[in-house]
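Everything on this sheet refers to the single structure shown next.
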Amino acid sequence: MFKAKIFVNYKPSVLDPKAEVIQNTLARLGDDNVQHVLVGKYFELLLSGDEAAVRAQIDRICDTMLANINTESYRFTLEPVSDAAVAE
Amino acid sequence: MFKAKIFVNYKPSVLDPKAEVIQNTLARLGDDNVQHVLVGKYFELLLSGDEAAVRAQIDRICDTMLANINTESYRFTLEPVSDAAVAE
Amino acid sequence: MKAAVLSFPGSNCDADMTWAIGDVAGQAVKLVSAQATSLAGFDCVVVPGGFSYGDYLRSGAIAKFAPIMPALKDFAAAGGYVLGVCNGFQILTEAGLLPGTLQWNTSLQFICQPTPLIVANARTAFSSAYSEGQQITLPIAHGEGNYYADDATLAQLEEKGQVVFRYAENPNGSRNDIAGLTNARGNVLGMMPHPERAVETLLGGTDGLGVFESLINAMKGAPADVATRTFA
Amino acid sequence: MLQRELSPDQIATEKPYLGLGLNEDEYDCLTTLLGRRPNFTEVGLASGMWSEHCAYKYSKPVLKTFWTKNDRVLMGPGEGAGVIDIGEGKAVVFKAESHNHPSAVEPYQGAATGVGGIIRDIFSIGAKPIALLDSLAFGDPKDPHVRQLIDQIVAGIGDYGNAIGIPTVGGETRFADSYARNPLVNAMCVGVMDTDAIQRGKAAGVGNALIYVGAKTGRDGINGASFASAEFSDDEAADRSAVQVGDPFMEKLLMDACLEVTREHQDALVGMQDMGAAGLVSSSVEMAGKANSGMTLDLDLIPQREPEMTPFEIMLSESQERMMLCVKAGHEDEIVALFKRYDLDTVVCGRVDEGHQYRLLHRGEVVCDVPVAVLTDEAPVYHQKGVQPSRLQQPAPDFEPGVLSLLATLRQLLADPNVADKKAIYRSYDAQVQTNTVLGPGADAAVVRVRGTHRALAMTTDSNGRYLYLDPEIGGAITVAESARNLVATGAEPLGITDCLNYGDPTKPESFYSLAESAKGITAACKAMNTPVISGNVSLYNETNGEAIYPTPMIGMVGLIEDLSTITTPAFKQVRELIYVIGETGPDFNGSLLQQVTTGAVAGALAPFDLTQDAATQRRLLAAIRQHLVTAAHDVSDGGLLVALSDMAIAGGLGAKVDLPLPAGWLFSETQGRFIVTVAPENQAAFESAMGDDAHLTGVVQPAVLTVATNDQTLTVPVHELATINEEALPCLLK
Ligand SMILES: Nc1ncnc2c1ncn2[C@@H]1O[C@H](COP(=O)(O)OP(=O)(O)O)[C@@H](O)[C@H]1O
Ligand SMILES: [Mg+2]
């Protein structure tokens, strides 16, 4: 069993309206030492299977579903987890 | 200058319709080895200041803006970054 | 014209679209479940607005895996007319039938209001009933209608005249004020404004009729520049 | 938060019920009714069912005084929603619900689930929801906490209605300091159905199946009903755990599926009810109670989102988007199959029994075995005595506006958030989905066409806590009368009302006085306007640190338009049309917006007004509108005549030249019973003879400029200047 930790972020060239609003709001509220804001999505998936297959599967799931390849890129890490940990 | 990596997740008891829909769709598409899906938010902030102040500031920003304390919990890590890295 | 209006779980403008095409424009129209797998026998397919699968991941991101989608792609590839409105537009971009992406409105707020548009290209199957440069008013109702495509894609869209509708006052941050566009071949149109909400005087205007009227004319094989009102 | 499974004897000594909202007398009463000490689950069920939310234990004596029936009412209070006949075989179904406490704690989800809950009430009757309205009250938007509440609450309401595809067509937003920490979030839903398909929430017929459908049950909102009925203090943070999350996608599937059941499986369906306050227990036991049945449920069959839930948790969870159906034995499979098609969790979880016991099984044990009536009919009812608050015993002297500048005061009022254009709020609501919205937000009332008929329904929500604070009885009457005026101004005949009664702690005699007195005013006005109360909801304990909100009954009223061509809006239509003021204007400044804005508070005695005369004026005006004699109509409310004139001018982009032979200050008086209308010159004689003495010709529509003459001042101002003030005020305050 693996736990995949997946990060989906906007590509740097794409203007992200959410990040803009957060940064502007922070500045207005006095948090003007915040110089950059990135808003991403984070997913955790628990999957069974052998590692190579799971890696390929996650790439496919990200490419087709979790990320919009026009505007977003993704990266992920994979950690083995014991079935006991899953049940918790 | 620090880079804060902030993870915001639903508290475990809170219903997350997003995760439900993703998991159901994956199962329907044949990815039925995916046993659990967690959908979270991920933020990166670049901030200047001394570490203790920045930590307190991030707590405040998370409590009031980035996380909904009624339904979500958050955690973050802080790494020093050189100003050169920031410019990149 | 025989139109199919697709209904995904969470679609909520499907009945409105059926009403506009069937009851108002007087055409044959059928609601087709997204669980279906065939679109045989239809001249035109409409992907309506709403919140397919809750729009929970990104708008349209789950709908593109619905059982009907392979048939829709085949239909479009064969040159069939496909109209996507609002969530339908989002689904078509997610499915790769139209270029670009619809991002959050710059205000991060859902916006519902009548919105003036300029007809940027009146030579398409979806806009021949309008005249080029004509200003019309259609309602918008969306949170994610901010059209994004990279510079190269945008340049190509402009060069090929794929932009069909532009906002006269940009409400959501769309690049080049794009409110509606076609694919390169011109048989698939996506638009954020709702033409089906502007087909009756009682409800505030009939500027949306032109979209349906254009399609009917295209179906008849009429020359694209004929703009006779066949119904009102 | 849970006290797991104390024994009946431990419960008697350790009194965990106090933390669940039951007091010692109520516990003793429960013990007496059962003839034994209740177990933990039973105590929990009683705490939910005997809460104000479910049992109306304090408000029932007041609610009994409401006028609930005329010849058009098909179903009055008592079911999920009320039903009124609108002709052509159709009926309108409507109800309002408050979600004040959940929204104060978790504004986004609190507001969203309020909308979700009221929608379920409508489709549980078998009606298709066609419109939503909201009624919101906030503190001063200059307060950042208030701004955040507004932001989140408006987003929660919008997101739910937008996603499920029911247009939010109207509402109201009020501002006063008394709501700063205790916002009011009331939502109303209107549905339409065939008169012969009315569904009731009952479980009858021994052996018939109880079917659970919808979202899985989680540990969210447990004991929300008793929580909603408890007052706030500032250290509420500890309670912020098990927030309910709304899932409009799930609810859309549930709604479509339930409507399909009522449409196509009427022979199989016995009854249907949504799971609202006190979740599974209230829906099931009320269904048993209404049919005088017994019932057994097997809790192991209930779909659960979390492991190891106790019977108490399962029964009192307020997880959203769940329904309970009673289906005839033998038809289970057909109904389960239907829901499965919509991808909904569905289980047969129990049966109707002989006798009158309510029985719950869990892991092979009977965890509850009590007479149904103990949880329903036998719930305690308290007959409180009210005491007139001291501020009413010796009211302050009448407020006199003194010398004021017409223009400066007008500007001030147009920029006040109560009068300001609310587009910044309602723009985030989809007002047109379903393509029936003739008039959306922005008119006096919303108007929605009824497909398949020649009719339309007009609807409005109104409240005015300022008036009730000064006089609950007169204020209650004003709220109803003003709702009716809003409908009449669009050309609709008022049909009936729903209400949300938002008040403070009913155990305080002064609070209870406000509740009881306002019910008198509401009843008197309902009779005068011929608008019975067909449904409603009570929200008490709206207090922060012991301080109650203004007593604020919210009235949701629905009216009927029989001819679509008579729908009328406030906008001036054409230059040279005649402007009439309908009704008399007096020096009525106590409780007025002018008083609030210029002094920062309201005080003084509220002037009585003549309901009979108001109703007669409304009837005459409606008749004139129906004869196409009126081109624009607007009721005169907050801010008085000059604000109303400005509204009409701004909406139409036209000016007016009027002569009002009154002291200038009176242009801001809030005398009841007035309208401003325009009439085409050729209809002058016909209109005047229709209206008689009520109508006062005061001027004409002119281009672009508002010109007003009074006894002692004149005013000339470009309309676009007024429009800018009115439109920019709220966005600016909310920034
Ligand atoms: N929260 C809201 N939701 C939807 N519509 C609203 C809301 N607040 C105000 N409106 C709309 O703004 C318009 C003006 O509201 P209001 O000033 O309360 O009207 P009135 O004084 O005639 O009752 C109405 O059409 C109303 O429907
Ligand atoms: Mg009004």
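Letters A, B, ... go to the chains of the structure tokens in the order shown; residues in each chain start at 1; ligands are counted from 1 in the same order.
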>> Would you pick out the contacts of region 63-65 of chain C at 6 Å or less, using only C-alpha atoms, so that residues sharing its chain but fewer than 2 positions from it are not included, and give the list as a list in words?
In response: Gly60, Ala61 and Ala95 of chain C
Residues as selected, all heavy atoms, written as a PDB file, in the first residue's frame, can you do that?
```
ATOM      1  N   GLY C  60     -16.074  21.085 -14.768  1.00  0.00           N
ATOM      2  CA  GLY C  60     -15.932  20.255 -15.969  1.00  0.00           C
ATOM      3  C   GLY C  60     -14.931  19.116 -15.857  1.00  0.00           C
ATOM      4  O   GLY C  60     -14.870  18.253 -16.725  1.00  0.00           O
ATOM      5  N   ALA C  61     -14.139  19.095 -14.776  1.00  0.00           N
ATOM      6  CA  ALA C  61     -13.025  18.139 -14.717  1.00  0.00           C
ATOM      7  C   ALA C  61     -13.491  16.693 -14.565  1.00  0.00           C
ATOM      8  O   ALA C  61     -12.819  15.773 -15.004  1.00  0.00           O
ATOM      9  CB  ALA C  61     -12.087  18.503 -13.567  1.00  0.00           C
ATOM     10  N   ALA C  95     -12.361  18.704 -21.852  1.00  0.00           N
ATOM     11  CA  ALA C  95     -12.319  17.508 -22.692  1.00  0.00           C
ATOM     12  C   ALA C  95     -11.413  17.695 -23.904  1.00  0.00           C
ATOM     13  O   ALA C  95     -11.257  16.779 -24.701  1.00  0.00           O
ATOM     14  CB  ALA C  95     -13.736  17.151 -23.146  1.00  0.00           C
TER      15      ALA C  95
END
```
>> Neighbouring residues of ligand 2 are defined here as those with any atom at most 8 Å from a ligand atom, counting only C-alpha atoms and all ligand atoms; list them as a ChimeraX atom specification.
In response: /D:443-445,482-483,485-486,489,634-637
For those residues, write all heavy atoms to a file as an mmCIF file, in the first residue's frame.
```cif
data_model
loop_
_atom_site.group_PDB
_atom_site.id
_atom_site.type_symbol
_atom_site.label_atom_id
_atom_site.label_comp_id
_atom_site.auth_asym_id
_atom_site.auth_seq_id
_atom_site.Cartn_x
_atom_site.Cartn_y
_atom_site.Cartn_z
ATOM 1 N N ALA D 443 -36.595 44.673 -7.599
ATOM 2 C CA ALA D 443 -37.950 45.224 -7.587
ATOM 3 C C ALA D 443 -38.527 45.107 -6.169
ATOM 4 O O ALA D 443 -37.864 44.620 -5.263
ATOM 5 C CB ALA D 443 -38.825 44.477 -8.582
ATOM 6 N N ASP D 444 -39.757 45.552 -5.962
ATOM 7 C CA ASP D 444 -40.359 45.442 -4.636
ATOM 8 C C ASP D 444 -40.560 43.997 -4.237
ATOM 9 O O ASP D 444 -40.406 43.628 -3.086
ATOM 10 C CB ASP D 444 -41.702 46.182 -4.594
ATOM 11 C CG ASP D 444 -41.482 47.680 -4.487
ATOM 12 O OD1 ASP D 444 -40.550 48.087 -3.789
ATOM 13 O OD2 ASP D 444 -42.240 48.440 -5.123
ATOM 14 N N ALA D 445 -40.945 43.188 -5.209
ATOM 15 C CA ALA D 445 -41.065 41.752 -4.961
ATOM 16 C C ALA D 445 -40.536 41.059 -6.203
ATOM 17 O O ALA D 445 -40.493 41.641 -7.280
ATOM 18 C CB ALA D 445 -42.517 41.367 -4.712
ATOM 19 N N GLU D 482 -46.373 45.690 5.167
ATOM 20 C CA GLU D 482 -45.374 46.125 4.196
ATOM 21 C C GLU D 482 -45.101 45.035 3.164
ATOM 22 O O GLU D 482 -44.934 45.315 1.963
ATOM 23 C CB GLU D 482 -44.074 46.536 4.892
ATOM 24 C CG GLU D 482 -43.119 47.148 3.883
ATOM 25 C CD GLU D 482 -41.715 47.414 4.409
ATOM 26 O OE1 GLU D 482 -41.551 47.638 5.610
ATOM 27 O OE2 GLU D 482 -40.783 47.396 3.572
ATOM 28 N N SER D 483 -45.076 43.782 3.611
ATOM 29 C CA SER D 483 -44.910 42.681 2.654
ATOM 30 C C SER D 483 -46.017 42.730 1.619
ATOM 31 O O SER D 483 -45.778 42.569 0.421
ATOM 32 C CB SER D 483 -45.002 41.329 3.354
ATOM 33 O OG SER D 483 -44.003 41.195 4.294
ATOM 34 N N ARG D 485 -47.776 45.252 0.681
ATOM 35 C CA ARG D 485 -47.585 46.393 -0.230
ATOM 36 C C ARG D 485 -46.531 46.080 -1.282
ATOM 37 O O ARG D 485 -46.676 46.464 -2.448
ATOM 38 C CB ARG D 485 -47.165 47.630 0.573
ATOM 39 C CG ARG D 485 -48.331 48.404 1.129
ATOM 40 C CD ARG D 485 -47.826 49.586 1.952
ATOM 41 N NE ARG D 485 -48.351 49.495 3.297
ATOM 42 C CZ ARG D 485 -47.649 49.612 4.414
ATOM 43 N NH1 ARG D 485 -46.336 49.837 4.356
ATOM 44 N NH2 ARG D 485 -48.227 49.495 5.580
ATOM 45 N N ASN D 486 -45.490 45.387 -0.877
ATOM 46 C CA ASN D 486 -44.463 45.016 -1.849
ATOM 47 C C ASN D 486 -45.041 44.141 -2.952
ATOM 48 O O ASN D 486 -44.694 44.283 -4.120
ATOM 49 C CB ASN D 486 -43.297 44.293 -1.161
ATOM 50 C CG ASN D 486 -42.297 45.265 -0.557
ATOM 51 O OD1 ASN D 486 -41.965 46.284 -1.157
ATOM 52 N ND2 ASN D 486 -41.826 44.973 0.629
ATOM 53 N N ALA D 489 -47.489 46.199 -5.214
ATOM 54 C CA ALA D 489 -46.775 47.098 -6.128
ATOM 55 C C ALA D 489 -46.356 46.391 -7.417
ATOM 56 O O ALA D 489 -46.171 47.038 -8.442
ATOM 57 C CB ALA D 489 -45.543 47.687 -5.433
ATOM 58 N N HIS D 634 -44.406 51.643 -6.550
ATOM 59 C CA HIS D 634 -43.373 51.366 -5.546
ATOM 60 C C HIS D 634 -43.980 51.689 -4.200
ATOM 61 O O HIS D 634 -44.664 52.705 -4.048
ATOM 62 C CB HIS D 634 -42.167 52.268 -5.831
ATOM 63 C CG HIS D 634 -40.956 51.972 -5.002
ATOM 64 N ND1 HIS D 634 -40.640 50.728 -4.498
ATOM 65 C CD2 HIS D 634 -39.934 52.789 -4.603
ATOM 66 C CE1 HIS D 634 -39.494 50.793 -3.833
ATOM 67 N NE2 HIS D 634 -39.049 52.035 -3.882
ATOM 68 N N ASP D 635 -43.754 50.830 -3.218
ATOM 69 C CA ASP D 635 -44.262 51.159 -1.882
ATOM 70 C C ASP D 635 -43.277 52.103 -1.206
ATOM 71 O O ASP D 635 -42.104 52.147 -1.534
ATOM 72 C CB ASP D 635 -44.470 49.896 -1.048
ATOM 73 C CG ASP D 635 -43.161 49.266 -0.648
ATOM 74 O OD1 ASP D 635 -42.340 49.003 -1.543
ATOM 75 O OD2 ASP D 635 -42.931 49.066 0.558
ATOM 76 N N VAL D 636 -43.794 52.879 -0.261
ATOM 77 C CA VAL D 636 -42.952 53.825 0.473
ATOM 78 C C VAL D 636 -42.573 53.163 1.792
ATOM 79 O O VAL D 636 -43.448 52.853 2.605
ATOM 80 C CB VAL D 636 -43.711 55.138 0.737
ATOM 81 C CG1 VAL D 636 -42.834 56.110 1.528
ATOM 82 C CG2 VAL D 636 -44.155 55.765 -0.587
ATOM 83 N N SER D 637 -41.280 52.903 1.989
ATOM 84 C CA SER D 637 -40.878 52.249 3.241
ATOM 85 C C SER D 637 -39.701 52.994 3.857
ATOM 86 O O SER D 637 -39.775 54.205 4.030
ATOM 87 C CB SER D 637 -40.590 50.770 2.990
ATOM 88 O OG SER D 637 -39.575 50.596 2.035
#
```
> Could you name the residues that touch Asn68 (chain B) at 10 Å or less, counting only C-alpha atoms, but leaving out those on the same chain fewer than 5 positions away, as a list of chain:residue names?
Replying inline: B:Val8, B:Asn9, B:Tyr10, B:Cys62, B:Asp63, B:Ser73, B:Tyr74, D:Glu106, D:Tyr108
Given only C-alpha atoms and all ligand atoms, how would the per-residue table for chain D near ligand 1 read, listing every residue at most 7 Å away with its closest atom pair and distance in Å to one decimal, sorted by chain and number, as JSON lines?
```
{"residue": "D:Leu133", "atom": "CA", "partner": "ligand 1", "partner_atom_place_in_ligand_line": "4 (C)", "distance": 6.2}
{"residue": "D:Asp134", "atom": "CA", "partner": "ligand 1", "partner_atom_place_in_ligand_line": "3 (N)", "distance": 5.2}
{"residue": "D:Ser135", "atom": "CA", "partner": "ligand 1", "partner_atom_place_in_ligand_line": "1 (N)", "distance": 5.7}
{"residue": "D:Leu136", "atom": "CA", "partner": "ligand 1", "partner_atom_place_in_ligand_line": "1 (N)", "distance": 5.7}
{"residue": "D:Thr168", "atom": "CA", "partner": "ligand 1", "partner_atom_place_in_ligand_line": "4 (C)", "distance": 6.5}
{"residue": "D:Val169", "atom": "CA", "partner": "ligand 1", "partner_atom_place_in_ligand_line": "4 (C)", "distance": 6.2}
{"residue": "D:Gly170", "atom": "CA", "partner": "ligand 1", "partner_atom_place_in_ligand_line": "27 (O)", "distance": 3.4}
{"residue": "D:Gly171", "atom": "CA", "partner": "ligand 1", "partner_atom_place_in_ligand_line": "4 (C)", "distance": 3.8}
{"residue": "D:Glu172", "atom": "CA", "partner": "ligand 1", "partner_atom_place_in_ligand_line": "8 (N)", "distance": 3.3}
{"residue": "D:Thr173", "atom": "CA", "partner": "ligand 1", "partner_atom_place_in_ligand_line": "8 (N)", "distance": 4.2}
{"residue": "D:Asn418", "atom": "CA", "partner": "ligand 1", "partner_atom_place_in_ligand_line": "17 (O)", "distance": 6.6}
{"residue": "D:Val419", "atom": "CA", "partner": "ligand 1", "partner_atom_place_in_ligand_line": "17 (O)", "distance": 5.5}
{"residue": "D:Asp421", "atom": "CA", "partner": "ligand 1", "partner_atom_place_in_ligand_line": "12 (O)", "distance": 6.6}
{"residue": "D:Lys422", "atom": "CA", "partner": "ligand 1", "partner_atom_place_in_ligand_line": "9 (C)", "distance": 5.1}
{"residue": "D:Lys423", "atom": "CA", "partner": "ligand 1", "partner_atom_place_in_ligand_line": "12 (O)", "distance": 7.0}
{"residue": "D:Ile425", "atom": "CA", "partner": "ligand 1", "partner_atom_place_in_ligand_line": "1 (N)", "distance": 6.2}
{"residue": "D:Tyr426", "atom": "CA", "partner": "ligand 1", "partner_atom_place_in_ligand_line": "4 (C)", "distance": 4.7}
{"residue": "D:Gly440", "atom": "CA", "partner": "ligand 1", "partner_atom_place_in_ligand_line": "25 (O)", "distance": 6.8}
{"residue": "D:Pro441", "atom": "CA", "partner": "ligand 1", "partner_atom_place_in_ligand_line": "25 (O)", "distance": 3.9}
{"residue": "D:Gly442", "atom": "CA", "partner": "ligand 1", "partner_atom_place_in_ligand_line": "25 (O)", "distance": 3.2}
{"residue": "D:Ala443", "atom": "CA", "partner": "ligand 1", "partner_atom_place_in_ligand_line": "25 (O)", "distance": 4.0}
{"residue": "D:Asp444", "atom": "CA", "partner": "ligand 1", "partner_atom_place_in_ligand_line": "22 (O)", "distance": 4.1}
{"residue": "D:Ala445", "atom": "CA", "partner": "ligand 1", "partner_atom_place_in_ligand_line": "25 (O)", "distance": 5.8}
{"residue": "D:Ala446", "atom": "CA", "partner": "ligand 1", "partner_atom_place_in_ligand_line": "27 (O)", "distance": 6.5}
{"residue": "D:Thr460", "atom": "CA", "partner": "ligand 1", "partner_atom_place_in_ligand_line": "27 (O)", "distance": 7.0}
{"residue": "D:Asp462", "atom": "CA", "partner": "ligand 1", "partner_atom_place_in_ligand_line": "23 (O)", "distance": 6.0}
{"residue": "D:Asn486", "atom": "CA", "partner": "ligand 1", "partner_atom_place_in_ligand_line": "22 (O)", "distance": 6.1}
{"residue": "D:Asp635", "atom": "CA", "partner": "ligand 1", "partner_atom_place_in_ligand_line": "22 (O)", "distance": 6.8}
{"residue": "D:Ser637", "atom": "CA", "partner": "ligand 1", "partner_atom_place_in_ligand_line": "21 (O)", "distance": 5.9}
{"residue": "D:Asp638", "atom": "CA", "partner": "ligand 1", "partner_atom_place_in_ligand_line": "21 (O)", "distance": 6.3}
```
Residues of chain C were defined as contacting chain D if any atom lay at most 8 Å from it, counting only C-alpha atoms; please report them as a PDB file with N, CA, C and O atoms, in the first residue's frame.
```
ATOM      1  N   PRO C   9     -25.091  14.459 -14.218  1.00  0.00           N
ATOM      2  CA  PRO C   9     -25.508  14.666 -12.828  1.00  0.00           C
ATOM      3  C   PRO C   9     -25.018  16.042 -12.384  1.00  0.00           C
ATOM      4  O   PRO C   9     -23.834  16.326 -12.503  1.00  0.00           O
ATOM      5  N   GLY C  10     -25.924  16.896 -11.941  1.00  0.00           N
ATOM      6  CA  GLY C  10     -25.537  18.244 -11.532  1.00  0.00           C
ATOM      7  C   GLY C  10     -25.757  19.306 -12.606  1.00  0.00           C
ATOM      8  O   GLY C  10     -25.665  20.494 -12.317  1.00  0.00           O
ATOM      9  N   ASN C  12     -27.862  21.880 -14.488  1.00  0.00           N
ATOM     10  CA  ASN C  12     -29.130  22.470 -14.052  1.00  0.00           C
ATOM     11  C   ASN C  12     -29.732  23.453 -15.062  1.00  0.00           C
ATOM     12  O   ASN C  12     -30.755  24.066 -14.795  1.00  0.00           O
ATOM     13  N   CYS C  13     -29.089  23.597 -16.208  1.00  0.00           N
ATOM     14  CA  CYS C  13     -29.689  24.412 -17.265  1.00  0.00           C
ATOM     15  C   CYS C  13     -30.167  23.530 -18.414  1.00  0.00           C
ATOM     16  O   CYS C  13     -30.466  24.030 -19.500  1.00  0.00           O
ATOM     17  N   ALA C  15     -32.887  21.657 -18.624  1.00  0.00           N
ATOM     18  CA  ALA C  15     -34.312  21.847 -18.934  1.00  0.00           C
ATOM     19  C   ALA C  15     -34.548  23.201 -19.609  1.00  0.00           C
ATOM     20  O   ALA C  15     -35.393  23.321 -20.505  1.00  0.00           O
ATOM     21  N   ASP C  16     -33.789  24.219 -19.192  1.00  0.00           N
ATOM     22  CA  ASP C  16     -33.941  25.550 -19.801  1.00  0.00           C
ATOM     23  C   ASP C  16     -33.557  25.501 -21.277  1.00  0.00           C
ATOM     24  O   ASP C  16     -34.194  26.120 -22.131  1.00  0.00           O
ATOM     25  N   GLY C  50     -24.626  24.453 -15.556  1.00  0.00           N
ATOM     26  CA  GLY C  50     -24.908  23.797 -14.283  1.00  0.00           C
ATOM     27  C   GLY C  50     -23.625  23.517 -13.542  1.00  0.00           C
ATOM     28  O   GLY C  50     -22.614  24.193 -13.746  1.00  0.00           O
ATOM     29  N   PHE C  51     -23.686  22.528 -12.684  1.00  0.00           N
ATOM     30  CA  PHE C  51     -22.527  22.168 -11.874  1.00  0.00           C
ATOM     31  C   PHE C  51     -22.344  20.662 -11.973  1.00  0.00           C
ATOM     32  O   PHE C  51     -22.681  19.918 -11.065  1.00  0.00           O
ATOM     33  N   TYR C  53     -21.342  17.090 -11.673  1.00  0.00           N
ATOM     34  CA  TYR C  53     -20.647  16.407 -10.573  1.00  0.00           C
ATOM     35  C   TYR C  53     -20.227  17.419  -9.499  1.00  0.00           C
ATOM     36  O   TYR C  53     -19.194  17.275  -8.854  1.00  0.00           O
ATOM     37  N   GLY C  54     -21.041  18.424  -9.301  1.00  0.00           N
ATOM     38  CA  GLY C  54     -20.762  19.418  -8.268  1.00  0.00           C
ATOM     39  C   GLY C  54     -19.657  20.404  -8.632  1.00  0.00           C
ATOM     40  O   GLY C  54     -19.393  21.324  -7.880  1.00  0.00           O
ATOM     41  N   GLN C 109     -15.749  35.988  -7.207  1.00  0.00           N
ATOM     42  CA  GLN C 109     -17.162  35.874  -6.882  1.00  0.00           C
ATOM     43  C   GLN C 109     -17.954  35.393  -8.076  1.00  0.00           C
ATOM     44  O   GLN C 109     -17.616  35.698  -9.219  1.00  0.00           O
ATOM     45  N   PHE C 110     -19.001  34.662  -7.774  1.00  0.00           N
ATOM     46  CA  PHE C 110     -19.976  34.296  -8.784  1.00  0.00           C
ATOM     47  C   PHE C 110     -20.644  35.594  -9.244  1.00  0.00           C
ATOM     48  O   PHE C 110     -20.955  36.462  -8.427  1.00  0.00           O
ATOM     49  N   ILE C 111     -20.866  35.720 -10.536  1.00  0.00           N
ATOM     50  CA  ILE C 111     -21.505  36.946 -11.041  1.00  0.00           C
ATOM     51  C   ILE C 111     -22.707  36.571 -11.900  1.00  0.00           C
ATOM     52  O   ILE C 111     -22.590  35.799 -12.849  1.00  0.00           O
ATOM     53  N   CYS C 112     -23.855  37.115 -11.533  1.00  0.00           N
ATOM     54  CA  CYS C 112     -25.074  36.924 -12.311  1.00  0.00           C
ATOM     55  C   CYS C 112     -25.572  38.298 -12.720  1.00  0.00           C
ATOM     56  O   CYS C 112     -25.954  39.092 -11.866  1.00  0.00           O
ATOM     57  N   GLN C 113     -25.547  38.598 -14.001  1.00  0.00           N
ATOM     58  CA  GLN C 113     -26.025  39.906 -14.460  1.00  0.00           C
ATOM     59  C   GLN C 113     -26.175  39.914 -15.977  1.00  0.00           C
ATOM     60  O   GLN C 113     -25.515  39.148 -16.673  1.00  0.00           O
ATOM     61  N   ALA C 141     -23.883  33.967 -15.650  1.00  0.00           N
ATOM     62  CA  ALA C 141     -24.090  33.452 -14.291  1.00  0.00           C
ATOM     63  C   ALA C 141     -23.016  32.406 -14.051  1.00  0.00           C
ATOM     64  O   ALA C 141     -23.212  31.227 -14.312  1.00  0.00           O
ATOM     65  N   ARG C 197     -31.265  31.823 -21.875  1.00  0.00           N
ATOM     66  CA  ARG C 197     -31.975  32.650 -20.901  1.00  0.00           C
ATOM     67  C   ARG C 197     -32.456  33.952 -21.531  1.00  0.00           C
ATOM     68  O   ARG C 197     -32.974  34.819 -20.827  1.00  0.00           O
ATOM     69  N   LEU C 202     -40.795  38.374 -22.137  1.00  0.00           N
ATOM     70  CA  LEU C 202     -41.282  38.397 -20.754  1.00  0.00           C
ATOM     71  C   LEU C 202     -40.137  38.323 -19.756  1.00  0.00           C
ATOM     72  O   LEU C 202     -40.178  38.922 -18.688  1.00  0.00           O
ATOM     73  N   LEU C 203     -39.091  37.579 -20.120  1.00  0.00           N
ATOM     74  CA  LEU C 203     -37.974  37.379 -19.200  1.00  0.00           C
ATOM     75  C   LEU C 203     -36.838  38.355 -19.465  1.00  0.00           C
ATOM     76  O   LEU C 203     -35.723  38.152 -19.008  1.00  0.00           O
ATOM     77  N   GLY C 204     -37.105  39.391 -20.245  1.00  0.00           N
ATOM     78  CA  GLY C 204     -36.123  40.453 -20.333  1.00  0.00           C
ATOM     79  C   GLY C 204     -35.326  40.545 -21.614  1.00  0.00           C
ATOM     80  O   GLY C 204     -34.375  41.311 -21.683  1.00  0.00           O
TER      81      GLY C 204
END
```
> Among region 91-205 of chain D, which ones does DSSP place in alpha helix (DSSP H), written as a PyMOL selection string?
Replying inline: chain D and resi 100-105+107-123+144-164
> In terms of the shortest atom-to-atom distance over only C-alpha atoms, which of B:Gly40, B:Gly30, B:Gly49, B:Pro17 is closest to Lys5 (chain A)?
Replying inline: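 Using only C-alpha atoms, the shortest distance to Lys5 (chain A) belongs to B:Gly40.
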> Gly586 (chain D): which residues within 8 Å, counting only C-alpha atoms, same-chain residues fewer than 6 positions away excluded, as a PyMOL selection string?
Replying inline: chain D and resi 666+669+671
>> What are the residues of chain B lining chain A at 6 Å or less? Count only C-alpha atoms, and put the answer as a VMD selection string.
In response: chain B and resid 33 to 48
Could you build a table of the residues in chain A lying no more than 9 Å from chain C, giving for each the nearest pair of atoms and their separation in Å rounded to one decimal place, using only C-alpha atoms, ordered by chain and ascending residue number, as a Markdown table?
```
| residue | atom | partner | partner_atom | distance |
| --- | --- | --- | --- | --- |
| A:Ser13 | CA | C:Asp150 | CA | 8.6 |
| A:Val14 | CA | C:Asp150 | CA | 8.1 |
| A:Asp16 | CA | C:Gln103 | CA | 8.1 |
| A:Pro17 | CA | C:Thr106 | CA | 5.2 |
| A:Lys18 | CA | C:Leu108 | CA | 6.9 |
| A:Glu20 | CA | C:Thr106 | CA | 8.5 |
| A:Val21 | CA | C:Ser107 | CA | 7.8 |
| A:Thr64 | CA | C:Ala61 | CA | 8.5 |
| A:Met65 | CA | C:Ala61 | CA | 6.3 |
| A:Leu66 | CA | C:Leu57 | CA | 7.4 |
| A:Ala67 | CA | C:Ala61 | CA | 8.8 |
| A:Asn68 | CA | C:Glu94 | CA | 7.5 |
| A:Asn70 | CA | C:Gly100 | CA | 6.7 |
| A:Thr71 | CA | C:Thr101 | CA | 7.5 |
```
